file input-v7.cif (mmCIF, C-alpha atoms (C1' of nucleotides))
data_run
#
loop_
_atom_site.group_PDB
_atom_site.id
_atom_site.type_symbol
_atom_site.label_atom_id
_atom_site.label_comp_id
_atom_site.auth_asym_id
_atom_site.auth_seq_id
_atom_site.Cartn_x
_atom_site.Cartn_y
_atom_site.Cartn_z
ATOM 1 C CA MET K 412 -27.861 -7.257 -18.897
ATOM 2 C CA GLU K 413 -25.452 -4.413 -19.683
ATOM 3 C CA ILE K 414 -26.984 -0.939 -19.658
ATOM 4 C CA ALA K 415 -25.076 2.167 -20.783
ATOM 5 C CA SER K 416 -25.493 5.927 -20.986
ATOM 6 C CA PHE K 417 -23.685 7.977 -23.634
ATOM 7 C CA ASN K 418 -24.087 11.661 -24.494
ATOM 8 C CA VAL K 419 -22.931 11.645 -28.128
ATOM 9 C CA ASN K 420 -23.024 15.418 -28.867
ATOM 10 C CA SER K 421 -24.662 15.005 -32.312
ATOM 11 C CA ILE K 422 -25.392 11.488 -33.551
ATOM 12 C CA ARG K 423 -24.591 12.477 -37.137
ATOM 13 C CA ALA K 424 -21.129 13.697 -36.149
ATOM 14 C CA ARG K 425 -20.578 10.312 -34.448
ATOM 15 C CA LEU K 426 -21.402 7.898 -37.305
ATOM 16 C CA HIS K 427 -18.057 6.149 -36.786
ATOM 17 C CA ALA K 428 -17.411 6.632 -33.070
ATOM 18 C CA VAL K 429 -20.732 5.269 -31.761
ATOM 19 C CA PRO K 430 -20.968 2.083 -33.896
ATOM 20 C CA ARG K 431 -17.298 1.362 -33.184
ATOM 21 C CA TRP K 432 -17.847 1.551 -29.450
ATOM 22 C CA LEU K 433 -21.085 -0.496 -29.691
ATOM 23 C CA SER K 434 -19.408 -3.285 -31.626
ATOM 24 C CA GLU K 435 -16.664 -3.484 -28.987
ATOM 25 C CA ALA K 436 -18.711 -3.058 -25.804
ATOM 26 C CA LYS K 437 -21.858 -4.848 -27.025
ATOM 27 C CA PRO K 438 -24.203 -3.363 -24.416
ATOM 28 C CA ASP K 439 -27.784 -4.705 -24.348
ATOM 29 C CA ILE K 440 -29.318 -1.283 -23.823
ATOM 30 C CA VAL K 441 -27.811 2.133 -24.599
ATOM 31 C CA CYS K 442 -29.348 5.451 -23.632
ATOM 32 C CA LEU K 443 -28.162 8.224 -25.944
ATOM 33 C CA GLN K 444 -28.399 11.977 -25.353
ATOM 34 C CA GLU K 445 -27.816 15.128 -27.415
ATOM 35 C CA LEU K 446 -28.754 13.629 -30.782
ATOM 36 C CA LYS K 447 -29.111 17.158 -32.216
ATOM 37 C CA THR K 448 -31.315 15.964 -35.041
ATOM 38 C CA VAL K 449 -34.916 15.201 -35.937
ATOM 39 C CA ASP K 450 -36.077 11.558 -36.060
ATOM 40 C CA ALA K 451 -36.130 11.574 -39.894
ATOM 41 C CA ASN K 452 -32.353 12.178 -40.000
ATOM 42 C CA PHE K 453 -31.405 9.617 -37.346
ATOM 43 C CA PRO K 454 -29.287 6.772 -38.843
ATOM 44 C CA ILE K 455 -31.729 4.006 -37.928
ATOM 45 C CA GLU K 456 -30.326 1.327 -40.298
ATOM 46 C CA LEU K 457 -26.804 1.722 -38.894
ATOM 47 C CA PHE K 458 -27.983 0.577 -35.474
ATOM 48 C CA GLU K 459 -30.511 -1.973 -36.692
ATOM 49 C CA GLU K 460 -27.630 -3.696 -38.475
ATOM 50 C CA LEU K 461 -25.913 -4.008 -35.091
ATOM 51 C CA GLY K 462 -28.986 -5.758 -33.714
ATOM 52 C CA TYR K 463 -30.745 -2.939 -31.900
ATOM 53 C CA ASN K 464 -34.378 -1.894 -31.640
ATOM 54 C CA ILE K 465 -34.614 1.904 -31.534
ATOM 55 C CA ALA K 466 -36.823 4.272 -29.572
ATOM 56 C CA LEU K 467 -36.410 7.908 -30.650
ATOM 57 C CA HIS K 468 -37.342 11.341 -29.388
ATOM 58 C CA GLY K 469 -35.354 13.762 -31.533
ATOM 59 C CA GLN K 470 -35.330 17.528 -31.983
ATOM 60 C CA LYS K 471 -33.850 19.903 -34.529
ATOM 61 C CA SER K 472 -30.394 21.290 -33.594
ATOM 62 C CA TYR K 473 -30.574 20.758 -29.845
ATOM 63 C CA ASN K 474 -31.276 18.020 -27.323
ATOM 64 C CA GLY K 475 -32.779 14.741 -28.543
ATOM 65 C CA VAL K 476 -32.651 11.352 -26.783
ATOM 66 C CA ALA K 477 -32.819 7.734 -27.922
ATOM 67 C CA ILE K 478 -32.700 4.222 -26.496
ATOM 68 C CA LEU K 479 -31.125 1.316 -28.383
ATOM 69 C CA SER K 480 -32.088 -2.128 -27.107
ATOM 70 C CA LYS K 481 -31.372 -5.696 -28.141
ATOM 71 C CA LEU K 482 -34.556 -6.668 -26.293
ATOM 72 C CA PRO K 483 -37.881 -5.539 -27.777
ATOM 73 C CA PHE K 484 -39.738 -2.651 -26.160
ATOM 74 C CA GLU K 485 -42.891 -3.453 -24.205
ATOM 75 C CA GLU K 486 -43.610 0.212 -23.527
ATOM 76 C CA VAL K 487 -42.250 3.550 -24.821
ATOM 77 C CA ASN K 488 -43.007 6.892 -23.159
ATOM 78 C CA MET K 489 -41.756 10.277 -24.356
ATOM 79 C CA ARG K 490 -41.534 13.485 -22.306
ATOM 80 C CA LEU K 491 -41.821 14.082 -18.591
ATOM 81 C CA PRO K 492 -45.356 14.774 -17.447
ATOM 82 C CA ASN K 493 -45.744 18.394 -16.367
ATOM 83 C CA TYR K 494 -46.994 17.785 -12.797
ATOM 84 C CA GLY K 495 -48.054 21.433 -12.627
ATOM 85 C CA VAL K 496 -44.466 22.734 -12.463
ATOM 86 C CA GLY K 497 -43.126 25.423 -14.838
ATOM 87 C CA GLU K 498 -44.216 25.564 -18.454
ATOM 88 C CA SER K 499 -47.279 23.683 -19.673
ATOM 89 C CA GLU K 500 -45.483 21.051 -21.755
ATOM 90 C CA ASP K 501 -42.038 19.492 -21.812
ATOM 91 C CA GLU K 502 -41.387 20.852 -25.311
ATOM 92 C CA GLN K 503 -37.634 20.109 -25.367
ATOM 93 C CA SER K 504 -36.705 16.493 -26.211
ATOM 94 C CA ARG K 505 -34.935 15.466 -23.032
ATOM 95 C CA TYR K 506 -36.745 12.396 -21.693
ATOM 96 C CA LEU K 507 -37.511 8.945 -23.082
ATOM 97 C CA GLU K 508 -38.548 5.904 -21.052
ATOM 98 C CA VAL K 509 -38.969 2.263 -22.082
ATOM 99 C CA VAL K 510 -39.801 -1.070 -20.522
ATOM 100 C CA VAL K 511 -38.108 -4.278 -21.665
ATOM 101 C CA ALA K 512 -38.627 -7.863 -20.520
ATOM 102 C CA GLY K 513 -35.760 -9.034 -18.325
ATOM 103 C CA GLU K 514 -35.213 -12.649 -17.322
ATOM 104 C CA ASN K 515 -37.076 -12.088 -14.063
ATOM 105 C CA GLY K 516 -39.637 -9.496 -15.097
ATOM 106 C CA PRO K 517 -39.880 -5.987 -16.498
ATOM 107 C CA VAL K 518 -36.939 -3.562 -16.436
ATOM 108 C CA ARG K 519 -37.693 0.136 -16.842
ATOM 109 C CA VAL K 520 -34.977 2.327 -18.364
ATOM 110 C CA ALA K 521 -34.953 6.060 -19.117
ATOM 111 C CA SER K 522 -32.647 8.259 -21.189
ATOM 112 C CA ILE K 523 -32.334 11.706 -19.605
ATOM 113 C CA TYR K 524 -30.717 14.903 -20.868
ATOM 114 C CA LEU K 525 -31.132 17.266 -17.947
ATOM 115 C CA PRO K 526 -30.934 20.987 -18.845
ATOM 116 C CA ASN K 527 -27.506 22.610 -18.502
ATOM 117 C CA GLY K 528 -28.952 25.719 -16.833
ATOM 118 C CA ASN K 529 -26.198 28.239 -17.578
ATOM 119 C CA PRO K 530 -26.090 31.153 -17.092
ATOM 120 C CA ALA K 531 -27.255 31.099 -13.483
ATOM 121 C CA PRO K 532 -29.190 32.929 -12.272
ATOM 122 C CA GLY K 533 -31.598 33.431 -15.162
ATOM 123 C CA PRO K 534 -34.474 31.830 -17.072
ATOM 124 C CA LYS K 535 -32.370 28.865 -18.197
ATOM 125 C CA TYR K 536 -31.464 28.100 -14.605
ATOM 126 C CA ASP K 537 -35.108 28.379 -13.561
ATOM 127 C CA TYR K 538 -35.976 25.931 -16.350
ATOM 128 C CA LYS K 539 -33.347 23.502 -15.047
ATOM 129 C CA LEU K 540 -34.664 23.628 -11.488
ATOM 130 C CA ASP K 541 -38.288 23.240 -12.641
ATOM 131 C CA TRP K 542 -37.264 20.269 -14.789
ATOM 132 C CA MET K 543 -35.549 18.657 -11.787
ATOM 133 C CA VAL K 544 -38.728 19.037 -9.719
ATOM 134 C CA ARG K 545 -40.709 17.334 -12.488
ATOM 135 C CA LEU K 546 -38.119 14.555 -12.725
ATOM 136 C CA ARG K 547 -38.288 14.062 -8.962
ATOM 137 C CA THR K 548 -42.076 13.789 -9.048
ATOM 138 C CA HIS K 549 -41.938 11.337 -11.940
ATOM 139 C CA ALA K 550 -39.196 9.245 -10.321
ATOM 140 C CA GLU K 551 -41.302 9.016 -7.171
ATOM 141 C CA LYS K 552 -44.163 7.578 -9.234
ATOM 142 C CA LEU K 553 -41.894 5.078 -11.025
ATOM 143 C CA LEU K 554 -40.327 3.941 -7.744
ATOM 144 C CA SER K 555 -43.803 3.081 -6.442
ATOM 145 C CA TYR K 556 -43.926 0.254 -9.008
ATOM 146 C CA GLU K 557 -41.155 -1.477 -7.023
ATOM 147 C CA GLU K 558 -39.459 -2.673 -10.233
ATOM 148 C CA PRO K 559 -35.881 -2.579 -11.445
ATOM 149 C CA LEU K 560 -35.593 1.046 -12.620
ATOM 150 C CA ILE K 561 -32.471 2.609 -14.144
ATOM 151 C CA LEU K 562 -32.555 6.327 -14.931
ATOM 152 C CA CYS K 563 -29.584 6.857 -17.262
ATOM 153 C CA GLY K 564 -28.300 10.132 -18.533
ATOM 154 C CA ASP K 565 -26.411 13.367 -18.595
ATOM 155 C CA TYR K 566 -27.661 14.988 -15.387
ATOM 156 C CA ASN K 567 -25.601 18.167 -15.808
ATOM 157 C CA VAL K 568 -24.947 18.048 -12.064
ATOM 158 C CA ILE K 569 -21.540 17.881 -10.363
ATOM 159 C CA GLN K 570 -22.579 16.065 -7.234
ATOM 160 C CA SER K 571 -19.506 16.768 -5.082
ATOM 161 C CA ALA K 572 -16.020 18.277 -5.161
ATOM 162 C CA ASP K 573 -14.701 14.761 -5.855
ATOM 163 C CA ASP K 574 -16.410 14.870 -9.230
ATOM 164 C CA VAL K 575 -14.455 17.841 -10.604
ATOM 165 C CA HIS K 576 -10.747 18.525 -11.090
ATOM 166 C CA ASP K 577 -10.935 22.007 -9.554
ATOM 167 C CA ALA K 578 -14.086 22.805 -7.621
ATOM 168 C CA ALA K 579 -13.228 26.521 -7.336
ATOM 169 C CA LEU K 580 -13.401 26.969 -11.111
ATOM 170 C CA TRP K 581 -16.958 25.602 -11.158
ATOM 171 C CA ALA K 582 -18.250 27.344 -8.017
ATOM 172 C CA ASP K 583 -20.627 29.683 -9.878
ATOM 173 C CA ASP K 584 -21.595 27.246 -12.606
ATOM 174 C CA ALA K 585 -25.171 25.975 -12.906
ATOM 175 C CA LEU K 586 -23.818 22.407 -12.706
ATOM 176 C CA PHE K 587 -22.279 22.931 -9.268
ATOM 177 C CA LEU K 588 -24.391 25.541 -7.435
ATOM 178 C CA PRO K 589 -25.658 24.431 -4.008
ATOM 179 C CA GLN K 590 -29.280 24.665 -5.215
ATOM 180 C CA THR K 591 -28.499 22.297 -8.108
ATOM 181 C CA ARG K 592 -26.813 19.777 -5.854
ATOM 182 C CA ALA K 593 -29.659 19.996 -3.338
ATOM 183 C CA ALA K 594 -32.197 19.279 -6.100
ATOM 184 C CA PHE K 595 -30.151 16.281 -7.237
ATOM 185 C CA ARG K 596 -29.817 15.001 -3.659
ATOM 186 C CA SER K 597 -33.564 15.214 -3.186
ATOM 187 C CA ILE K 598 -33.981 12.932 -6.228
ATOM 188 C CA LEU K 599 -31.425 10.455 -4.852
ATOM 189 C CA ASN K 600 -33.103 10.597 -1.450
ATOM 190 C CA LEU K 601 -36.306 9.160 -2.914
ATOM 191 C CA GLY K 602 -34.410 5.866 -2.938
ATOM 192 C CA LEU K 603 -32.172 5.969 -5.980
ATOM 193 C CA THR K 604 -28.492 5.004 -5.928
ATOM 194 C CA SER K 605 -25.953 6.131 -8.498
ATOM 195 C CA ALA K 606 -24.447 2.862 -9.766
ATOM 196 C CA TYR K 607 -20.913 4.242 -9.793
ATOM 197 C CA ASP K 608 -21.068 5.218 -6.108
ATOM 198 C CA GLN K 609 -22.001 1.655 -5.234
ATOM 199 C CA VAL K 610 -18.682 0.238 -6.376
ATOM 200 C CA ASP K 611 -16.099 0.148 -3.585
ATOM 201 C CA GLY K 612 -12.541 1.345 -3.699
ATOM 202 C CA ARG K 613 -12.769 3.520 -6.778
ATOM 203 C CA SER K 614 -11.609 7.087 -6.918
ATOM 204 C CA HIS K 615 -13.977 9.207 -8.884
ATOM 205 C CA GLN K 616 -13.397 9.186 -12.591
ATOM 206 C CA TYR K 617 -14.838 11.716 -14.993
ATOM 207 C CA THR K 618 -17.343 11.293 -17.814
ATOM 208 C CA TYR K 619 -16.902 14.666 -19.557
ATOM 209 C CA TRP K 620 -13.939 16.734 -20.719
ATOM 210 C CA GLY K 621 -14.612 19.935 -22.665
ATOM 211 C CA TYR K 622 -13.054 20.463 -26.074
ATOM 212 C CA GLN K 623 -11.268 23.656 -25.019
ATOM 213 C CA GLY K 624 -7.848 24.229 -23.511
ATOM 214 C CA GLY K 625 -6.549 20.670 -23.615
ATOM 215 C CA ALA K 626 -8.998 19.556 -20.943
ATOM 216 C CA ARG K 627 -8.628 15.861 -21.772
ATOM 217 C CA PRO K 628 -4.792 15.576 -21.649
ATOM 218 C CA LYS K 629 -4.796 17.655 -18.458
ATOM 219 C CA ASN K 630 -7.625 15.476 -17.074
ATOM 220 C CA HIS K 631 -9.699 18.564 -16.347
ATOM 221 C CA GLY K 632 -12.980 16.662 -16.355
ATOM 222 C CA ILE K 633 -16.230 16.360 -14.468
ATOM 223 C CA ARG K 634 -18.458 13.403 -13.627
ATOM 224 C CA ILE K 635 -22.019 14.243 -14.640
ATOM 225 C CA ASP K 636 -23.300 11.089 -16.383
ATOM 226 C CA HIS K 637 -25.025 8.650 -14.066
ATOM 227 C CA LEU K 638 -27.078 5.483 -13.851
ATOM 228 C CA LEU K 639 -29.561 6.086 -11.024
ATOM 229 C CA CYS K 640 -30.957 2.776 -9.793
ATOM 230 C CA SER K 641 -33.922 1.656 -7.716
ATOM 231 C CA ALA K 642 -33.263 -0.847 -4.928
ATOM 232 C CA GLN K 643 -34.603 -3.607 -7.189
ATOM 233 C CA ALA K 644 -31.928 -2.676 -9.754
ATOM 234 C CA ILE K 645 -28.976 -1.900 -7.483
ATOM 235 C CA ASP K 646 -29.352 -5.253 -5.712
ATOM 236 C CA HIS K 647 -28.511 -6.872 -9.057
ATOM 237 C CA LEU K 648 -25.599 -4.595 -9.998
ATOM 238 C CA LYS K 649 -22.428 -6.571 -10.684
ATOM 239 C CA SER K 650 -19.984 -3.935 -11.901
ATOM 240 C CA VAL K 651 -19.680 -0.463 -13.375
ATOM 241 C CA ARG K 652 -17.139 1.045 -15.722
ATOM 242 C CA ILE K 653 -16.462 4.258 -17.608
ATOM 243 C CA ASP K 654 -15.058 3.719 -21.114
ATOM 244 C CA ASP K 655 -12.928 6.855 -21.049
ATOM 245 C CA HIS K 656 -10.522 5.609 -23.738
ATOM 246 C CA VAL K 657 -13.057 6.575 -26.414
ATOM 247 C CA ARG K 658 -12.415 10.237 -25.526
ATOM 248 C CA ASP K 659 -8.920 9.892 -27.097
ATOM 249 C CA ARG K 660 -10.135 8.692 -30.498
ATOM 250 C CA GLU K 661 -10.834 10.549 -33.741
ATOM 251 C CA LYS K 662 -13.776 12.933 -33.585
ATOM 252 C CA PRO K 663 -14.887 12.045 -30.060
ATOM 253 C CA SER K 664 -17.929 13.259 -28.198
ATOM 254 C CA ASP K 665 -17.043 15.437 -25.210
ATOM 255 C CA HIS K 666 -18.706 12.758 -23.010
ATOM 256 C CA VAL K 667 -17.781 9.064 -22.662
ATOM 257 C CA PRO K 668 -20.034 6.051 -21.974
ATOM 258 C CA ILE K 669 -20.765 4.729 -18.496
ATOM 259 C CA ILE K 670 -21.842 1.086 -18.348
ATOM 260 C CA GLY K 671 -23.528 -0.946 -15.611
ATOM 261 C CA VAL K 672 -23.556 -4.754 -15.669
ATOM 262 C CA PHE K 673 -26.705 -6.093 -14.010
ATOM 263 C CA ASP K 674 -27.841 -9.593 -13.193
ATOM 264 C CA LEU K 675 -31.301 -8.824 -14.545
ATOM 265 C "C1'" DA G 274 4.794 33.219 -35.717
ATOM 266 C "C1'" DT G 275 0.253 31.331 -35.021
ATOM 267 C "C1'" DG G 276 -3.570 29.728 -32.841
ATOM 268 C "C1'" DG G 277 -5.061 27.590 -29.332
ATOM 269 C "C1'" DT G 278 -13.391 23.826 -29.189
ATOM 270 C "C1'" DC G 279 -17.058 21.834 -31.490
ATOM 271 C "C1'" DG G 280 -21.697 21.232 -33.637
ATOM 272 C "C1'" DA G 281 -25.736 22.968 -36.026
ATOM 273 C "C1'" DC G 282 -26.943 26.407 -38.848
ATOM 274 C "C1'" DT G 283 -26.651 30.888 -40.835
ATOM 275 C "C1'" DC G 284 -23.509 33.211 -38.275
ATOM 276 C "C1'" DT G 285 -24.489 33.050 -33.587
ATOM 277 C "C1'" DC G 286 -26.022 30.221 -29.947
ATOM 278 C "C1'" DG G 287 -25.627 26.391 -26.908
ATOM 279 C "C1'" DA G 288 -22.616 23.505 -24.284
#
call {"tool": "encode", "arguments": {"input": "input-v7.cif", "output": "structure tokens"}}
result
Amino acid sequence: MEIASFNVNSIRARLHAVPRWLSEAKPDIVCLQELKTVDANFPIELFEELGYNIALHGQKSYNGVAILSKLPFEEVNMRLPNYGVGESEDEQSRYLEVVVAGENGPVRVASIYLPNGNPAPGPKYDYKLDWMVRLRTHAEKLLSYEEPLILCGDYNVIQSADDVHDAALWADDALFLPQTRAAFRSILNLGLTSAYDQVDGRSHQYTYWGYQGGARPKNHGIRIDHLLCSAQAIDHLKSVRIDDHVRDREKPSDHVPIIGVFDL
DNA sequence: ATGGTCGACTCTCGA
């Protein structure tokens, strides 16, 4: 089973780029982020024609997540539960979770668009940190099921200096502040492994290059898109890749897909 | 010499 994460930066601006990549890569499950549209304007038929079932949690203008799956959904859950942290409801569309039937039992997959948090400090940064606490609490609950679990998404976290071309330039950014990295580590420390880190002998590649200042040709990128895996998932991981060539095509997203191949 | 980000949406904000 091939499972991918792809922040598309507006699904309607990517009506060529996303289907093209899907028809080449043929992943079984794709977690999309930053749809930037309501469900009614999502191009459902385009992806159904490629053989996908679609779970949607859109929002006008900002955010929005979806999961495309060749396997039917056994369960679909929108929004992170509040767990008594921060605001009363998770009103921004940033979390969608499904269960599909794998060959050896259920596989739980989530599409996550973690808040950016800039400028920090400030209310947006507080929202990011609160959201990370809620995600941690929820991940702890999901891990208790002892199932293959893959939390895919744009985490908006630069985990280490190896994941950025010039750490000094990002020192004060919400994606790289020590508090952000500590919150991310505490999620990993529950027992989740980033699929990419599991593959030996690879120097860190990036998953995002901004549109400004020739970031892509200069390779001024960051690695912020991850597949976080439970033990029951990581034990079945065969390979991981980042399809960074799609960043050089016409009208690209600023992110590229990351794909994990699992024996599940 | 000029312009040097893009997307959604009213034109400025978010990333």
call {"tool": "residues_near_point", "arguments": {"input": "input-v7.cif", "point": "(-23.8, 16.4, -31.9)", "cutoff": "10 Å", "atoms": "all atoms listed in the file", "output": "list in words"}}
result
Asn418, Val419, Asn420, Ser421, Ile422, Arg423, Ala424, Arg425, Gln444, Glu445, Leu446, Lys447, Thr448, Ser472, Tyr473, Asn474, Gly475, Ser664 and Asp665 of chain K; DC279, DG280 and DA281 of chain G
call {"tool": "residues_around", "arguments": {"input": "input-v7.cif", "residues": "K:Gly513", "least_positions_apart": "2", "cutoff": "9 Å", "atoms": "all atoms listed in the file", "output": "PyMOL selection string"}}
result
chain K and resi 412+482+511+515-518+675
call {"tool": "resolve_selection", "arguments": {"input": "input-v7.cif", "expression": "the PyMOL selection byres ((chain G and resi 277) around 12)", "output": "PyMOL selection string"}}
result
(chain K and resi 622-625) or (chain G and resi 275-276+278)
call {"tool": "resolve_selection", "arguments": {"input": "input-v7.cif", "expression": "the PyMOL selection byres ((chain K and resi 441) around 9)", "output": "ChimeraX atom specification"}}
result
/K:413-417,433,438-440,442-443,477-480,522,563,670
call {"tool": "residues_around", "arguments": {"input": "input-v7.cif", "residues": "K:Tyr566", "least_positions_apart": "3", "cutoff": "10 Å", "atoms": "only C-alpha atoms (C1' of nucleotides)", "output": "ChimeraX atom specification"}}
result
/K:523-527,543,562-563,569-570,586,595,634-638
call {"tool": "write_last_selection", "arguments": {"input": "input-v7.cif", "atoms": "C-alpha atoms", "output": "PDB file, in the frame of the given file"}}
result
ATOM      1  CA  ILE K 523     -32.334  11.706 -19.605  1.00  0.00           C
ATOM      2  CA  TYR K 524     -30.717  14.903 -20.868  1.00  0.00           C
ATOM      3  CA  LEU K 525     -31.132  17.266 -17.947  1.00  0.00           C
ATOM      4  CA  PRO K 526     -30.934  20.987 -18.845  1.00  0.00           C
ATOM      5  CA  ASN K 527     -27.506  22.610 -18.502  1.00  0.00           C
ATOM      6  CA  MET K 543     -35.549  18.657 -11.787  1.00  0.00           C
ATOM      7  CA  LEU K 562     -32.555   6.327 -14.931  1.00  0.00           C
ATOM      8  CA  CYS K 563     -29.584   6.857 -17.262  1.00  0.00           C
ATOM      9  CA  ILE K 569     -21.540  17.881 -10.363  1.00  0.00           C
ATOM     10  CA  GLN K 570     -22.579  16.065  -7.234  1.00  0.00           C
ATOM     11  CA  LEU K 586     -23.818  22.407 -12.706  1.00  0.00           C
ATOM     12  CA  PHE K 595     -30.151  16.281  -7.237  1.00  0.00           C
ATOM     13  CA  ARG K 634     -18.458  13.403 -13.627  1.00  0.00           C
ATOM     14  CA  ILE K 635     -22.019  14.243 -14.640  1.00  0.00           C
ATOM     15  CA  ASP K 636     -23.300  11.089 -16.383  1.00  0.00           C
ATOM     16  CA  HIS K 637     -25.025   8.650 -14.066  1.00  0.00           C
ATOM     17  CA  LEU K 638     -27.078   5.483 -13.851  1.00  0.00           C
TER      18      LEU K 638
END
call {"tool": "resolve_selection", "arguments": {"input": "input-v7.cif", "expression": "the PyMOL selection byres ((chain K and resi 488) around 7)", "output": "ChimeraX atom specification"}}
result
/K:486-487,489-490,507-509
call {"tool": "atom_distance", "arguments": {"input": "input-v7.cif", "atom1": "atom CA of K:Phe484", "atom2": "atom CA of K:Arg519"}}
result
9.9 Å
call {"tool": "atom_distance", "arguments": {"input": "input-v7.cif", "atom1": "atom CA of K:Gln609", "atom2": "atom CA of K:His631"}}
result
23.7 Å
